[in-house]
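J.: Starting off with a structure, shown below.
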Amino acid sequence: DTGVSQDPRHKITKRGQNVTFRCDPISEHNRLYWYRQTLGQGPEFLTYFQNEAQLEKSRLLSDRFSAERPKGSFSTLEIQRTEQGDSAMYLCASSFQRGAIKINTGELFFGEGSRLTVL
Amino acid sequence: AQSVTQPDIHITVSEGASLELRCNYSYGATPYLFWYVQSPGQGLQLLLKYFSGDTLVQGIKGFEAEFKRSQSSFNLRKPSVHWSDAAEYFCAVGAYSNYQLIWGAGTKLIIKP
């Protein structure tokens with residue numbers, strides 16, 4: 001079990017550029033979440049995958065954000081035309097949950113995050 | 001609106017002293033409650049969780065939390081803190097029918113030697 005890994009750990013980009021983050025969850029985990037965290041705040045939910053299906057997306061997420069989990073394994077989060085307000089830590093978490101209930105009753109395993117700075 | 005409030009942005013305690021971190025929630029459904037810890041340079045780690053049953057739950061690293069429905073609170077406690085407990089602590093709440101968790105803003109714990 002190598003844990004949840006995220007890449008890159010840090011990304012500095014200019015406003016208007018596109019960025020992509022990758023998350024490799026724990027291999028047997030069927031659930032994957034993306035969160036965003038800014039300084040002094042708790043994580044803010046962005047989107048959720050069960051296997052390869054994106055089942056929930058935050059209403060706060062603009063159409064510049066897109067996420068995929070093509071084979072139910074790794075996931076990517078792309079931000080197009082970045083803005084300074086996108087500067088944050090992007091967190092990925094995974095878990096294994098049996099059945100169809102929505103709440104995750106077990107532990108979410110978080111990666112160390114990808115820090116984005118938009119100049 | 002659903003929300004989680006951690007009233008203390010930061011708390012300083014002496015090593016060996018007891019600790020209580022406060023968490024209040026506002027949630028229409030039956031809540032599922034969690035405490036996570038975030039150490040510098042590390043990912044968030046689950047300390048403990050409450051779904052039902054005994055309102056006093058035990059977690060890892062000697063932490064415990066008590067659910068008080070009448071006060072909408074889920075405070076985290078530890079009888080004697082260690083320097084390694086210095087970190088940021090987050091309370092989160094979910095419901096049976098939700099995928100996402102609602103998180104508090106966190107409390108940063110500082111340990112005085």
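Within each chain, counting starts at residue 1; across the structure tokens, chains are named A, B, ... in the order shown, with ligands numbered 1 upward in that order.
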Near A:Ser94, counting only C-alpha atoms, which residues have an atom at most 10 Å away, once you skip same-chain residues fewer than 6 positions from it, shown as a list in words?

T.: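 Selected residues are Gly3, Val4, Cys23, Asp24, Pro25, Ile26, Ser27, Glu28, His29, Asn30, Arg31, Leu32, Tyr33, Trp34, Tyr48, Phe49, Gln50, Glu107, Leu108, Phe109, Phe110 and Gly111 of chain A.
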
J.: At most 9 Å is the cut-off: for each residue in chain A with any atom that close to an atom of chain B, write down the nearest atom pair and the distance in Å rounded to one decimal, counting only C-alpha atoms, chain first then increasing number, as CSV.

T.:
```
residue,atom,partner,partner_atom,distance
A:Val4,CA,B:Gly43,CA,8.9
A:Tyr33,CA,B:Gln100,CA,8.5
A:Gly40,CA,B:Ala105,CA,6.2
A:Gln41,CA,B:Ala105,CA,4.2
A:Gly42,CA,B:Ala105,CA,4.3
A:Pro43,CA,B:Trp103,CA,6.2
A:Glu44,CA,B:Trp103,CA,7.2
A:Phe45,CA,B:Gln100,CA,6.4
A:Leu46,CA,B:Gln100,CA,8.9
A:Thr47,CA,B:Gln100,CA,8.4
A:Tyr48,CA,B:Tyr99,CA,7.4
A:Leu55,CA,B:Tyr99,CA,8.8
A:Glu56,CA,B:Tyr99,CA,7.6
A:Leu91,CA,B:Gly43,CA,8.4
A:Ile101,CA,B:Ser97,CA,7.0
A:Lys102,CA,B:Tyr99,CA,4.8
A:Ile103,CA,B:Tyr96,CA,5.0
A:Asn104,CA,B:Tyr99,CA,6.9
A:Thr105,CA,B:Phe51,CA,8.1
A:Gly106,CA,B:Lys49,CA,8.5
A:Glu107,CA,B:Leu46,CA,6.1
A:Leu108,CA,B:Leu46,CA,7.2
A:Phe109,CA,B:Gln45,CA,6.9
A:Phe110,CA,B:Gly43,CA,5.2
A:Gly111,CA,B:Gly43,CA,5.1
A:Glu112,CA,B:Gly43,CA,4.3
A:Gly113,CA,B:Gly43,CA,7.1
```

J.: Assign secondary structure with DSSP using the backbone only, and return the residues of chain B in strand (DSSP E) as number ranges by chain.

T.: B: 3-5, 10-14, 19-21, 24-26, 31-38, 45-50, 56-58, 64-68, 73-78, 87-95, 102-103, 107-112

J.: Using only C-alpha atoms, determine which residues lie at most 8 Å from B:Arg22, disregarding the query and same-chain residues fewer than 3 positions distant; provide the list as a count of residues only.

T.: 7

J.: May I have all residues of chain B that DSSP, computed from the backbone, assigns to helix (DSSP H, G or I), given as an NGL selection string?

T.: :B and (60-62 or 69-71 or 83-85)
